[in-house]
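S.K.: Structure provided below as C-alpha cells; questions to follow.
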Amino acid sequence: MLEAAALPNSRNRKPDDVHPYLSGNFAPVQQSLPLTACNWSGSIPEELYGGEYVRNGGNPVSNEDLGRDAHWFDGDGMLSGVSFRRTEKGVQPEFVNQYILTDVYLATCTSKNLTRPILPSIATLVNPVATLWNVMWVIFRTILLVILSRLPGSLQAIKKISVANTSIIFHDGRALATCESGPPMRMALPGLETVGWYNGQRAEGEKDDKATGFGGKGIIGFMREWTTAHPRVDPKTQELILFHSTFAPPFVHYSIIPPTHPPISPVSPFEKSIRRLNAPIPGISSAKMMHDFGVSFGHTVIMDLPLSLDPVNIAKGKPPLDYDAKGKSRFGVFPRHSPELTRWFETKACCIFHTANTWDDNYVDKKSGRIRTSAVNMLACRLNSASVVYAAGNISIPPSALRTGEEEEEEEEEEQCRLYYYQFNVNESGSKINHQFGLSAISFEFPSTSEAAAMGPARYIYGCSGSETTFNASLGKASKIDCLVKMDAKTLIQRGKESLSISPVTGCVDQRTITEVLTSTDRDDPIKVFQLPPRHFAQEPRFVSRKGGLNEDDGWLLAYIFDESQLDQYGECKPEAKSELWIIDATDMKTVVGKIHLPMRVAYGLHGTFIDEKEILHQRPLETIRSLHVRQDKEATGLWLSIRDSLERILG
C-alpha cells in the first residue's frame, strides 16, 4: 500500500482557501490498494465476469496542489478499478487503485525538496489576472526542473511531461492511459501496474521498445507525441485513430494504428489499414486546446474551436489558454485515410470537450455502383462559453469568456452544456452545415454509447446531468452529477429535422427542464433519467452490452457512486468514507442490479471504460514494469548532489 502526501487539515483552512474542485470527494485519496476483495449486494451480470471496470482521474500527490492556484485537471493520474475475478462459485469483485508512474510523478516522489508541482497549473495559464512575469516564471521553472532531472544524481529523468490523468482505452493488446500533454501510457491489467510510454509502435517495457513512433525526428518531435486524451478504436477494423496538437505549424498531426497482435478480428480486404504516423492536417492557423474529435467508419472530424493554448498569446498580452468568444468554431471533415482532403465548415463560437458519436449517411452511386457519403453526422456536448475551464480552477470568469454572440437570438443568457447534433454536407461543393441544433435543454456531459454501435447511427447516448442546477458551475461551487441520462438520439434528431420552428445553432428539440423529464410518465419518452438518492453523486457511466441482447440498450451502466453524508461539518471526507460501484439497468434506467461495496472512496474523476475478459487474457507480453526508486543514504552524498539539492530547494 502506497501512502500519498497528507492532506491539509480542513479545520485550519479559511473559507476562502477551500477549492471546490479539490475538497470533499473531489479531494485526492491518500492511499492506493492492490487487488482487494469487496463485498457486494444484488447480482452481478455474467457479462462482467473476468473483466475490469477502470476509471482515470487526477489525484494530486503534492500538498500545494490543493492551493487556490490549482486546477481540477492538474492532478497526477490515478486509476481506480474493479476486477470481476472468476471463481469456482461464480465471481469475486476486487478493487484496486494505483498511481500512474509517469516521469513527473516519479520525479516528484523521489525529490525531498520540491514543495510545489513540477508542471505549471492550468489555473495559472488560464487566469486573466496572472501577470506576464508570473506565467513566464512558472514555465521557466518547469524547464529548469526538467533539465535538472536529466543531470547526474537524478533518480528519474523527465522525458515526457504528461500526467496521463484523463482517460483509459484498450487497443491491440494494450490498456492505455491518456492525456493530451504526452503519449499514451501502457498499464497492465488487472493490477494496474505501469508498463511504459506507448509511441504508436511499441511501449516501454516490451521487447524491441526502441522503434520510432509518434515523435519521429526533428527539434519539435517531442510535440508530435502529444496525443488526444480521446483516441478512437474502430469496433470493426480495430484501428486506433488519434491526433496530436502542437505549438508549431502545421499545429495538428494525425495517426492511424492498425492492429498487429493476434487474435485480430477478421476484416475485409477493403478495410485493411496501413499505419500512418503524424500526417499533417491542413488549414489550422494557430495552436489550440483540442481535447476530442469525431470518427465515423469513413470520416474524421477535427474541431478547430476558438479556445487557444498558445505560448504566443503571452506576447499579445493574453494568458496562454484563452477563449475568443467573438471567434468562429471550425470543423474539418475528411475521409479517414486522407487528411489532405480536409474540408472546413464554420459556425458560431462554442466549446466542445467531448463528442458522443459520429456516423456517415451513405448511398450507392447509380453510375459507378460505388458507396458514397452524402453527409457526416456528429453528436457532441456543446458549451456556449468557456466557463468550465475557469470554474474548474476556481478562477473568476472574465466577461469575454461568457459572450458567444448568441445573446440577440436567445431569450435568456444562461450557461449551456447540451447534447448537440451537427450534419456536414460532404456531397456538394462548399461548406454547408445542413443541421445544427440541441437535442434537449437539459445539461448533458461525459457522453458515451454502446461500443458495438459506435461510429454508426447509434440510437442511444448516455451521459451526466444534475437535478438542481445546470451542469456548469460558477465560482465557489463544483458541478456534481446526481442524474444519469439516456437519450434516444435517433428519435430526437428526426423530430428536429421535421420541425419548422427550430432555429439554427440556438434551436433545441426538447425544451423540458430536468424536473419535467423526471416527472414524465410516458413509457416511450426519448429521454430517460436515473436520479440518485439524496446526497448521492455519480461519475461518468459506461455501458456494457448484454450478450445476445435484441436491442441496442439491452445492458448495464457502470458508475462509481459516493454518498456525501460521509462528509464532516467542514465539507471534507471522513477517513472511513467509502464509495460504491453501481450496476444500473440501462433499459429501464430505474433498477440498480447490484452494488460493489469498495474498501475506500474513489475521488470524483474523469473517464473510464470496461475491458472484457477476452481482452485482458490476450494482453501483449511485457518484460518490465515501472517502479519507484528511492536513493540510498550512501548515494546521497557528494558535492554535486549538494548543489543539485540546493537548486531544487531554490526552485521550490
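Lettering and numbering for the C-alpha cells are positional, with chains as A, B, ... in the shown order, residues counted from 1 in each chain, and ligands counted from 1 in the shown order.
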Residues of segment 191-287 of chain A in strand (DSSP E or B) according to DSSP, as a ChimeraX atom specification?

M.R.: /A:193-198,203,232-233,240-245,252-257,276-280

S.K.: Write out as an mmCIF file with C-alpha atoms, in the first residue's frame each polymer residue whose atoms come within 6 Å of segment 74-90 of chain A, counting only C-alpha atoms; drop sequence neighbours fewer than 4 positions from it.

M.R.:
data_model
loop_
_atom_site.group_PDB
_atom_site.id
_atom_site.type_symbol
_atom_site.label_atom_id
_atom_site.label_comp_id
_atom_site.auth_asym_id
_atom_site.auth_seq_id
_atom_site.Cartn_x
_atom_site.Cartn_y
_atom_site.Cartn_z
ATOM 1 C CA TYR A 49 -17.132 -11.921 -15.239
ATOM 2 C CA GLY A 50 -13.396 -11.839 -15.901
ATOM 3 C CA GLY A 51 -13.497 -8.202 -16.987
ATOM 4 C CA GLU A 52 -12.499 -4.982 -15.264
ATOM 5 C CA TYR A 53 -14.025 -1.520 -14.984
ATOM 6 C CA VAL A 54 -11.288 1.134 -14.792
ATOM 7 C CA ARG A 55 -11.620 4.894 -14.371
ATOM 8 C CA ASN A 56 -8.907 7.546 -14.661
ATOM 9 C CA GLY A 57 -8.647 10.916 -12.910
ATOM 10 C CA GLY A 58 -6.300 13.436 -11.351
ATOM 11 C CA ASN A 59 -5.113 12.696 -7.817
ATOM 12 C CA PRO A 60 -2.557 15.333 -6.734
ATOM 13 C CA GLU A 94 -11.767 -6.879 -6.310
ATOM 14 C CA PHE A 95 -10.911 -3.193 -6.006
ATOM 15 C CA VAL A 96 -7.536 -1.740 -6.980
ATOM 16 C CA ASN A 97 -6.237 1.804 -7.334
ATOM 17 C CA GLN A 98 -2.759 2.818 -8.418
ATOM 18 C CA TYR A 99 -0.915 5.978 -9.367
ATOM 19 C CA ILE A 100 0.227 6.029 -12.973
ATOM 20 C CA VAL A 163 0.419 13.212 -16.059
ATOM 21 C CA ALA A 164 -1.719 10.703 -18.044
ATOM 22 C CA ASN A 165 -4.753 11.552 -15.894
#

S.K.: From the list A:Lys578, A:Lys590, A:Ile314, A:Phe610, which residue is nearest Ala559 of chain A when using only C-alpha atoms?

M.R.: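 Among the listed residues, the smallest separation from Ala559 of chain A belongs to A:Phe610.
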
S.K.: Have a look at atom CA of Ala27 of chain A and atom CA of Ala603 of chain A and let me know their distance in Å, one decimal.

M.R.: 6.4 Å

S.K.: Measuring atom to atom with only C-alpha atoms, identify which of A:Gly430, A:Gly393, A:Pro534, A:Pro235 is nearest to Pro259 of chain A.

M.R.: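 Result for the nearest residue to Pro259 of chain A: A:Pro235.
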
S.K.: Which of these residues is nearest to Met589 of chain A, using only C-alpha atoms: A:Ser520, A:Thr491, A:Gln531, A:Asn425?

M.R.: A:Gln531

S.K.: For atom CA of Pro231 of chain A and atom CA of Ser285 of chain A, quote the distance in Å rounded to one decimal.

M.R.: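 If I compute the distance from atom CA of Pro231 of chain A to atom CA of Ser285 of chain A, I get 22.9 Å.
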
S.K.: Would you mind listing what lies within 9 Å of segment 286-291 of chain A as a count of residues only, with only C-alpha atoms counted and same-chain residues fewer than 2 positions away left out?

M.R.: 31

S.K.: List as a list of chain:residue names the protein and nucleic acid residues near Tyr462 of chain A, meaning an atom at most 8 Å away when only C-alpha atoms are counted, but skip any in the same chain fewer than 3 places from it.

M.R.: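 What passes the distance filter is A:Pro447, A:Ser448, A:Thr449, A:Leu484, A:Val485, A:Lys486, A:Met487, A:Pro541, A:Phe543.
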